[in-house]
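target.cif follows; it contains mmCIF, C-alpha atoms and all ligand atoms; chains and numbers go by the auth columns.
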```
data_run
loop_
_atom_site.group_PDB
_atom_site.id
_atom_site.type_symbol
_atom_site.label_atom_id
_atom_site.label_comp_id
_atom_site.label_asym_id
_atom_site.label_seq_id
_atom_site.Cartn_x
_atom_site.Cartn_y
_atom_site.Cartn_z
_atom_site.B_iso_or_equiv
_atom_site.auth_seq_id
_atom_site.auth_asym_id
ATOM 1 C CA MET A 1 0.000 0.000 0.000 0.00 155 A
ATOM 2 C CA ILE A 2 2.877 2.367 0.668 0.00 156 A
ATOM 3 C CA HIS A 3 6.057 2.593 -1.368 0.00 157 A
ATOM 4 C CA LEU A 4 8.816 1.996 1.141 0.00 158 A
ATOM 5 C CA GLU A 5 11.585 2.167 -1.419 0.00 159 A
ATOM 6 C CA ASN A 6 10.500 5.640 -2.420 0.00 160 A
ATOM 7 C CA PHE A 7 10.166 6.606 1.232 0.00 161 A
ATOM 8 C CA ALA A 8 13.785 5.620 1.871 0.00 162 A
ATOM 9 C CA LYS A 9 14.897 7.528 -1.216 0.00 163 A
ATOM 10 C CA LEU A 10 12.954 10.642 -0.219 0.00 164 A
ATOM 11 C CA GLN A 11 14.298 10.528 3.325 0.00 165 A
ATOM 12 C CA LYS A 12 17.819 10.293 2.017 0.00 166 A
ATOM 13 C CA ALA A 13 17.329 13.208 -0.361 0.00 167 A
ATOM 14 C CA CYS A 14 15.831 15.326 2.412 0.00 168 A
ATOM 15 C CA THR A 15 18.669 14.544 4.790 0.00 169 A
ATOM 16 C CA ALA A 16 21.219 15.448 2.129 0.00 170 A
ATOM 17 C CA HIS A 17 19.530 18.819 1.561 0.00 171 A
ATOM 18 C CA ASN A 18 18.553 19.494 5.163 0.00 172 A
ATOM 19 C CA ALA A 19 14.894 19.571 4.161 0.00 173 A
ATOM 20 C CA GLU A 20 11.707 18.173 5.627 0.00 174 A
ATOM 21 C CA LEU A 21 9.462 15.593 4.001 0.00 175 A
ATOM 22 C CA ILE A 22 5.725 16.272 4.210 0.00 176 A
ATOM 23 C CA ALA A 23 3.853 13.089 3.303 0.00 177 A
ATOM 24 C CA VAL A 24 0.751 14.159 1.388 0.00 178 A
ATOM 25 C CA SER A 25 -1.989 11.720 2.369 0.00 179 A
ATOM 26 C CA LYS A 26 -5.073 13.386 0.864 0.00 180 A
ATOM 27 C CA THR A 27 -7.721 10.892 -0.303 0.00 181 A
ATOM 28 C CA LYS A 28 -5.684 8.048 1.250 0.00 182 A
ATOM 29 C CA PRO A 29 -7.043 5.845 4.041 0.00 183 A
ATOM 30 C CA ILE A 30 -6.110 5.937 7.721 0.00 184 A
ATOM 31 C CA GLU A 31 -4.279 2.619 7.309 0.00 185 A
ATOM 32 C CA ALA A 32 -1.870 4.074 4.765 0.00 186 A
ATOM 33 C CA ILE A 33 -0.987 6.909 7.131 0.00 187 A
ATOM 34 C CA GLU A 34 -0.542 4.465 10.001 0.00 188 A
ATOM 35 C CA ALA A 35 1.780 2.347 7.878 0.00 189 A
ATOM 36 C CA LEU A 36 4.046 5.309 7.146 0.00 190 A
ATOM 37 C CA TYR A 37 3.781 6.493 10.747 0.00 191 A
ATOM 38 C CA LYS A 38 5.110 3.111 11.829 0.00 192 A
ATOM 39 C CA GLU A 39 8.130 3.746 9.608 0.00 193 A
ATOM 40 C CA GLY A 40 8.811 6.930 11.532 0.00 194 A
ATOM 41 C CA GLN A 41 7.096 9.606 9.438 0.00 195 A
ATOM 42 C CA ARG A 42 5.397 12.294 11.533 0.00 196 A
ATOM 43 C CA ALA A 43 4.611 15.201 9.179 0.00 197 A
ATOM 44 C CA PHE A 44 1.557 14.656 6.980 0.00 198 A
ATOM 45 C CA GLY A 45 -0.176 17.008 4.560 0.00 199 A
ATOM 46 C CA GLU A 46 -3.867 17.211 3.712 0.00 200 A
ATOM 47 C CA ASN A 47 -5.927 19.386 1.379 0.00 201 A
ATOM 48 C CA TYR A 48 -9.491 19.069 2.591 0.00 202 A
ATOM 49 C CA VAL A 49 -10.726 20.400 5.930 0.00 203 A
ATOM 50 C CA GLN A 50 -13.290 17.724 6.731 0.00 204 A
ATOM 51 C CA GLU A 51 -10.963 14.918 5.742 0.00 205 A
ATOM 52 C CA LEU A 52 -8.155 16.361 7.858 0.00 206 A
ATOM 53 C CA ALA A 53 -10.422 16.845 10.900 0.00 207 A
ATOM 54 C CA ASP A 54 -11.617 13.219 10.631 0.00 208 A
ATOM 55 C CA LYS A 55 -8.131 11.814 10.222 0.00 209 A
ATOM 56 C CA HIS A 56 -6.827 13.868 13.119 0.00 210 A
ATOM 57 C CA THR A 57 -9.365 12.333 15.506 0.00 211 A
ATOM 58 C CA HIS A 58 -8.516 8.789 14.408 0.00 212 A
ATOM 59 C CA LEU A 59 -4.737 8.966 14.339 0.00 213 A
ATOM 60 C CA ALA A 60 -1.842 9.376 16.758 0.00 214 A
ATOM 61 C CA GLN A 61 -1.827 12.749 18.443 0.00 215 A
ATOM 62 C CA ASP A 62 1.857 13.367 17.829 0.00 216 A
ATOM 63 C CA ILE A 63 1.358 13.650 14.071 0.00 217 A
ATOM 64 C CA GLU A 64 2.304 17.090 12.796 0.00 218 A
ATOM 65 C CA TRP A 65 -0.476 18.089 10.404 0.00 219 A
ATOM 66 C CA HIS A 66 0.180 20.425 7.504 0.00 220 A
ATOM 67 C CA PHE A 67 -2.759 21.926 5.663 0.00 221 A
ATOM 68 C CA ILE A 68 -1.519 22.391 2.111 0.00 222 A
ATOM 69 C CA GLY A 69 -4.702 23.073 0.140 0.00 223 A
ATOM 70 C CA HIS A 70 -6.705 26.200 -0.474 0.00 224 A
ATOM 71 C CA LEU A 71 -8.271 27.173 2.845 0.00 225 A
ATOM 72 C CA GLN A 72 -11.545 29.076 3.147 0.00 226 A
ATOM 73 C CA SER A 73 -11.742 31.491 6.096 0.00 227 A
ATOM 74 C CA LYS A 74 -15.003 30.034 7.328 0.00 228 A
ATOM 75 C CA LYS A 75 -13.406 26.603 7.725 0.00 229 A
ATOM 76 C CA VAL A 76 -10.327 27.634 9.715 0.00 230 A
ATOM 77 C CA LYS A 77 -12.114 26.923 12.995 0.00 231 A
ATOM 78 C CA TYR A 78 -12.274 23.192 12.296 0.00 232 A
ATOM 79 C CA ILE A 79 -8.518 22.719 12.100 0.00 233 A
ATOM 80 C CA ALA A 80 -7.278 25.549 14.340 0.00 234 A
ATOM 81 C CA PRO A 81 -7.243 23.381 17.496 0.00 235 A
ATOM 82 C CA PHE A 82 -4.496 21.141 16.147 0.00 236 A
ATOM 83 C CA VAL A 83 -3.020 22.114 12.764 0.00 237 A
ATOM 84 C CA HIS A 84 0.726 22.729 12.859 0.00 238 A
ATOM 85 C CA CYS A 85 1.279 24.653 9.640 0.00 239 A
ATOM 86 C CA VAL A 86 -0.932 26.187 6.948 0.00 240 A
ATOM 87 C CA HIS A 87 1.004 26.231 3.667 0.00 241 A
ATOM 88 C CA ALA A 88 -1.274 28.174 1.399 0.00 242 A
ATOM 89 C CA VAL A 89 -2.136 31.469 3.051 0.00 243 A
ATOM 90 C CA ASP A 90 -3.023 33.803 0.214 0.00 244 A
ATOM 91 C CA SER A 91 -4.719 36.783 1.838 0.00 245 A
ATOM 92 C CA TYR A 92 -4.459 39.042 4.852 0.00 246 A
ATOM 93 C CA LYS A 93 -8.055 38.191 5.669 0.00 247 A
ATOM 94 C CA LEU A 94 -7.260 34.486 5.923 0.00 248 A
ATOM 95 C CA LEU A 95 -4.238 35.252 8.086 0.00 249 A
ATOM 96 C CA THR A 96 -6.385 37.262 10.532 0.00 250 A
ATOM 97 C CA GLU A 97 -8.906 34.434 10.729 0.00 251 A
ATOM 98 C CA ILE A 98 -6.162 31.886 11.483 0.00 252 A
ATOM 99 C CA ASP A 99 -4.799 34.253 14.129 0.00 253 A
ATOM 100 C CA LYS A 100 -8.222 34.681 15.736 0.00 254 A
ATOM 101 C CA ARG A 101 -8.942 30.947 15.854 0.00 255 A
ATOM 102 C CA ALA A 102 -5.442 30.123 17.075 0.00 256 A
ATOM 103 C CA ALA A 103 -5.894 32.662 19.891 0.00 257 A
ATOM 104 C CA GLN A 104 -9.204 31.068 20.876 0.00 258 A
ATOM 105 C CA ASN A 105 -7.346 27.780 21.185 0.00 259 A
ATOM 106 C CA GLU A 106 -4.483 29.427 23.071 0.00 260 A
ATOM 107 C CA ARG A 107 -1.901 28.364 20.535 0.00 261 A
ATOM 108 C CA SER A 108 0.196 29.601 17.678 0.00 262 A
ATOM 109 C CA ILE A 109 -0.063 28.381 14.089 0.00 263 A
ATOM 110 C CA ASP A 110 2.784 28.450 11.598 0.00 264 A
ATOM 111 C CA CYS A 111 1.827 29.934 8.231 0.00 265 A
ATOM 112 C CA LEU A 112 3.469 30.024 4.833 0.00 266 A
ATOM 113 C CA LEU A 113 2.445 32.582 2.245 0.00 267 A
ATOM 114 C CA GLN A 114 1.547 31.028 -1.083 0.00 268 A
ATOM 115 C CA ILE A 115 3.065 32.685 -4.123 0.00 269 A
ATOM 116 C CA HIS A 116 1.614 32.210 -7.574 0.00 270 A
ATOM 117 C CA ILE A 117 4.502 30.962 -9.691 0.00 271 A
ATOM 118 C CA ALA A 118 2.793 28.693 -12.252 0.00 272 A
ATOM 119 C CA GLN A 119 1.660 29.660 -15.706 0.00 273 A
ATOM 120 C CA GLU A 120 -1.792 28.214 -15.102 0.00 274 A
ATOM 121 C CA SER A 121 -4.268 30.801 -13.906 0.00 275 A
ATOM 122 C CA SER A 122 -6.076 28.212 -11.785 0.00 276 A
ATOM 123 C CA LYS A 123 -3.409 27.984 -9.141 0.00 277 A
ATOM 124 C CA PHE A 124 -3.939 30.181 -6.104 0.00 278 A
ATOM 125 C CA GLY A 125 -1.405 32.501 -4.598 0.00 279 A
ATOM 126 C CA LEU A 126 -0.115 36.020 -4.211 0.00 280 A
ATOM 127 C CA ASP A 127 1.924 37.907 -6.762 0.00 281 A
ATOM 128 C CA GLU A 128 4.958 39.929 -5.668 0.00 282 A
ATOM 129 C CA GLN A 129 2.991 43.123 -5.126 0.00 283 A
ATOM 130 C CA GLU A 130 0.297 41.388 -3.106 0.00 284 A
ATOM 131 C CA LEU A 131 2.970 39.767 -0.956 0.00 285 A
ATOM 132 C CA GLN A 132 4.507 43.134 -0.267 0.00 286 A
ATOM 133 C CA ASP A 133 1.125 44.692 0.528 0.00 287 A
ATOM 134 C CA LEU A 134 0.439 41.938 3.035 0.00 288 A
ATOM 135 C CA LEU A 135 3.821 42.284 4.705 0.00 289 A
ATOM 136 C CA VAL A 136 3.481 46.050 5.170 0.00 290 A
ATOM 137 C CA HIS A 137 -0.092 45.852 6.444 0.00 291 A
ATOM 138 C CA PRO A 138 -0.259 48.283 9.394 0.00 292 A
ATOM 139 C CA GLU A 139 -1.939 45.736 11.668 0.00 293 A
ATOM 140 C CA LEU A 140 0.191 42.723 10.816 0.00 294 A
ATOM 141 C CA ALA A 141 2.242 43.030 13.997 0.00 295 A
ATOM 142 C CA GLN A 142 -0.932 42.673 16.054 0.00 296 A
ATOM 143 C CA LEU A 143 -1.424 39.119 14.876 0.00 297 A
ATOM 144 C CA GLN A 144 0.245 37.428 17.836 0.00 298 A
ATOM 145 C CA ASN A 145 -0.942 33.866 17.246 0.00 299 A
ATOM 146 C CA VAL A 146 0.372 33.258 13.757 0.00 300 A
ATOM 147 C CA ARG A 147 3.992 32.964 12.760 0.00 301 A
ATOM 148 C CA ILE A 148 4.881 33.643 9.136 0.00 302 A
ATOM 149 C CA CYS A 149 7.547 30.998 8.555 0.00 303 A
ATOM 150 C CA GLY A 150 8.195 31.303 4.848 0.00 304 A
ATOM 151 C CA LEU A 151 6.826 30.950 1.345 0.00 305 A
ATOM 152 C CA MET A 152 5.163 28.158 -0.629 0.00 306 A
ATOM 153 C CA GLY A 153 4.617 27.650 -4.328 0.00 307 A
ATOM 154 C CA MET A 154 3.437 25.144 -6.914 0.00 308 A
ATOM 155 C CA ALA A 155 5.163 24.999 -10.252 0.00 309 A
ATOM 156 C CA THR A 156 3.364 24.585 -13.557 0.00 310 A
ATOM 157 C CA PHE A 157 2.174 21.035 -14.176 0.00 311 A
ATOM 158 C CA THR A 158 4.468 20.245 -17.095 0.00 312 A
ATOM 159 C CA ASN A 159 7.277 17.959 -18.186 0.00 313 A
ATOM 160 C CA ASP A 160 9.274 21.010 -19.209 0.00 314 A
ATOM 161 C CA MET A 161 11.819 21.027 -16.370 0.00 315 A
ATOM 162 C CA GLU A 162 13.381 24.258 -17.617 0.00 316 A
ATOM 163 C CA GLN A 163 10.066 25.998 -17.023 0.00 317 A
ATOM 164 C CA VAL A 164 9.754 24.448 -13.548 0.00 318 A
ATOM 165 C CA LYS A 165 13.321 25.458 -12.773 0.00 319 A
ATOM 166 C CA LYS A 166 12.610 29.056 -13.732 0.00 320 A
ATOM 167 C CA GLU A 167 9.607 29.114 -11.432 0.00 321 A
ATOM 168 C CA PHE A 168 11.494 27.584 -8.503 0.00 322 A
ATOM 169 C CA GLN A 169 14.334 30.052 -9.050 0.00 323 A
ATOM 170 C CA PHE A 170 11.873 32.943 -9.005 0.00 324 A
ATOM 171 C CA LEU A 171 10.389 31.690 -5.735 0.00 325 A
ATOM 172 C CA LYS A 172 13.788 31.155 -4.167 0.00 326 A
ATOM 173 C CA ASN A 173 14.862 34.697 -5.078 0.00 327 A
ATOM 174 C CA LEU A 174 11.643 36.154 -3.707 0.00 328 A
ATOM 175 C CA PHE A 175 12.114 34.136 -0.526 0.00 329 A
ATOM 176 C CA GLU A 176 15.619 35.512 0.016 0.00 330 A
ATOM 177 C CA LYS A 177 14.543 39.043 -0.746 0.00 331 A
ATOM 178 C CA THR A 178 11.589 38.791 1.637 0.00 332 A
ATOM 179 C CA GLN A 179 13.780 37.309 4.335 0.00 333 A
ATOM 180 C CA ALA A 180 16.279 40.144 4.046 0.00 334 A
ATOM 181 C CA GLU A 181 13.754 42.974 3.770 0.00 335 A
ATOM 182 C CA TYR A 182 11.020 41.963 6.179 0.00 336 A
ATOM 183 C CA PHE A 183 12.333 39.242 8.477 0.00 337 A
ATOM 184 C CA ASN A 184 15.906 40.253 9.032 0.00 338 A
ATOM 185 C CA GLY A 185 17.159 38.474 12.129 0.00 339 A
ATOM 186 C CA GLN A 186 13.904 36.566 12.663 0.00 340 A
ATOM 187 C CA ALA A 187 15.028 32.956 12.668 0.00 341 A
ATOM 188 C CA HIS A 188 11.563 31.477 12.165 0.00 342 A
ATOM 189 C CA PHE A 189 11.246 32.825 8.617 0.00 343 A
ATOM 190 C CA LYS A 190 13.182 29.942 7.079 0.00 344 A
ATOM 191 C CA GLU A 191 10.850 27.682 5.123 0.00 345 A
ATOM 192 C CA LEU A 192 10.588 27.397 1.386 0.00 346 A
ATOM 193 C CA SER A 193 7.885 24.841 0.613 0.00 347 A
ATOM 194 C CA MET A 194 8.280 23.696 -2.974 0.00 348 A
ATOM 195 C CA GLY A 195 8.531 20.393 -4.800 0.00 349 A
ATOM 196 C CA MET A 196 6.120 17.472 -5.257 0.00 350 A
ATOM 197 C CA SER A 197 6.435 13.916 -6.590 0.00 351 A
ATOM 198 C CA GLY A 198 7.306 15.064 -10.099 0.00 352 A
ATOM 199 C CA ASP A 199 9.784 17.809 -9.285 0.00 353 A
ATOM 200 C CA TYR A 200 11.095 17.326 -5.746 0.00 354 A
ATOM 201 C CA GLU A 201 14.684 16.616 -6.810 0.00 355 A
ATOM 202 C CA LEU A 202 14.870 19.853 -8.724 0.00 356 A
ATOM 203 C CA ALA A 203 13.174 21.688 -5.860 0.00 357 A
ATOM 204 C CA LEU A 204 15.755 20.417 -3.370 0.00 358 A
ATOM 205 C CA GLU A 205 18.579 21.487 -5.667 0.00 359 A
ATOM 206 C CA MET A 206 16.969 24.916 -5.871 0.00 360 A
ATOM 207 C CA GLY A 207 16.863 25.345 -2.101 0.00 361 A
ATOM 208 C CA SER A 208 13.548 23.902 -0.969 0.00 362 A
ATOM 209 C CA THR A 209 13.303 23.230 2.778 0.00 363 A
ATOM 210 C CA MET A 210 10.017 21.318 2.626 0.00 364 A
ATOM 211 C CA ILE A 211 8.871 18.962 -0.080 0.00 365 A
ATOM 212 C CA ARG A 212 5.239 17.873 -0.254 0.00 366 A
ATOM 213 C CA VAL A 213 5.099 14.395 -1.705 0.00 367 A
ATOM 214 C CA GLY A 214 1.996 12.258 -2.185 0.00 368 A
ATOM 215 C CA SER A 215 1.832 9.830 -5.077 0.00 369 A
ATOM 216 C CA LEU A 216 5.431 8.619 -4.801 0.00 370 A
ATOM 217 C CA LEU A 217 4.657 7.449 -1.273 0.00 371 A
ATOM 218 C CA PHE A 218 1.038 6.353 -1.484 0.00 372 A
ATOM 219 C CA GLY A 219 0.470 5.659 -5.176 0.00 373 A
ATOM 220 C CA SER A 220 -1.632 7.687 -7.568 0.00 374 A
ATOM 221 C CA ARG A 221 -4.903 9.182 -6.390 0.00 375 A
ATOM 222 C CA ASN A 222 -8.401 8.337 -7.460 0.00 376 A
ATOM 223 C CA TYR A 223 -10.765 11.250 -7.261 0.00 377 A
ATOM 224 C CA GLY A 224 -13.813 9.204 -8.253 0.00 378 A
HETATM 225 C C1 LIG B . -1.539 16.944 -3.875 0.00 401 B
HETATM 226 C C2 LIG B . -0.531 17.964 -3.548 0.00 401 B
HETATM 227 C C3 LIG B . 0.826 17.630 -3.420 0.00 401 B
HETATM 228 C C4 LIG B . 1.386 16.233 -3.666 0.00 401 B
HETATM 229 O O1 LIG B . 1.303 15.906 -4.995 0.00 401 B
HETATM 230 P P1 LIG B . 2.048 14.601 -5.604 0.00 401 B
HETATM 231 O O2 LIG B . 2.263 14.958 -7.011 0.00 401 B
HETATM 232 O O3 LIG B . 1.104 13.469 -5.405 0.00 401 B
HETATM 233 O O4 LIG B . 3.291 14.413 -4.849 0.00 401 B
HETATM 234 C C5 LIG B . 1.713 18.634 -3.050 0.00 401 B
HETATM 235 N N1 LIG B . 1.296 19.895 -2.830 0.00 401 B
HETATM 236 C C6 LIG B . 0.011 20.256 -2.942 0.00 401 B
HETATM 237 C C7 LIG B . -0.361 21.659 -2.690 0.00 401 B
HETATM 238 C C8 LIG B . -0.941 19.306 -3.322 0.00 401 B
HETATM 239 O O5 LIG B . -2.208 19.696 -3.458 0.00 401 B
#
```
Go through the file and emit its structure as structure tokens.
Amino acid sequence: MIHLENFAKLQKACTAHNAELIAVSKTKPIEAIEALYKEGQRAFGENYVQELADKHTHLAQDIEWHFIGHLQSKKVKYIAPFVHCVHAVDSYKLLTEIDKRAAQNERSIDCLLQIHIAQESSKFGLDEQELQDLLVHPELAQLQNVRICGLMGMATFTNDMEQVKKEFQFLKNLFEKTQAEYFNGQAHFKELSMGMSGDYELALEMGSTMIRVGSLLFGSRNYG
């Protein structure tokens, strides 16, 4: 059910690049997650709020859950009690909602800002100007229960690795610029979440600190 050979390969690649492996378990059963958990994996990524909330109640409490999909403000409350990191924050409004719900649960939630780097218009995310606007928002400093830990992006779904490389390079440059200009000396702004099953090797070479890998670990998905 799970691909242990790929798991070993991914772990090795992550160790070599000092990166973290997020095992993307969306649409996959509890048993598959348990199997990988038994092998030592603790960070799992999910895309759907209801599915994540259900899985969280049924699985070990020391799993570190990453929400990697598009998150609607009205659904933040369902995952705020336990989610470790939200990868795809793409508006100030969403950030304030996460902050509010985290505060209600007396905790802090790590957030990554999603940048639109793909050619497809369907992928969510901020452009450079929107990122800047968010980071200079006059009330940003009042959000005490979220921690902006870095940037996230999804490359174009293509076999053209030159195109993907360009997009990863763009994101890496923006990450470094943002780090220097807005988070100078703040050690927690350190994550660059990029790379999936099809492009994780390239992403690691380009400086990714978190790869989000699903199908290589769990097999291809069936959306029914
Ligand atoms: C599904 C998904 C992944 C994992 O995709 P694979 O190609 O199966 O590795 C990574 N990131 C996001 C945002 C996803 O939605």
Checklist entry - What is the distance, in Å and to one decimal place, between atom C6 of ligand LIG 401 (chain B) and CA of Ala242 in chain A? => result 9.1 Å
Next on the checklist: For the provided coordinates, the residues matched by the PyMOL selection byres (((not hetatm)) within 9 of (chain B and resi 401)) should be stated as a PyMOL selection string.
Outcome noted: chain A and resi 176-180+199-201+221-224+241-242+306-308+347-354+365-375
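Considering only C-alpha atoms, the residue among A:Lys320, A:Arg301, A:Arg255, A:His291 positioned nearest to His342 in chain A is A:Arg301.
We find CA of Asp281 in chain A and CA of Ile233 in chain A to be spaced 26.4 Å apart.
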Checklist entry - A:Cys265, A:Ala197, A:Val290, A:Leu346: which is nearest Ile217 in chain A, counting only C-alpha atoms? => result A:Ala197
Item to check | One-decimal distance in Å that lies between CA of Phe198 in chain A and CA of Leu280 in chain A | outcome: 24.2 Å
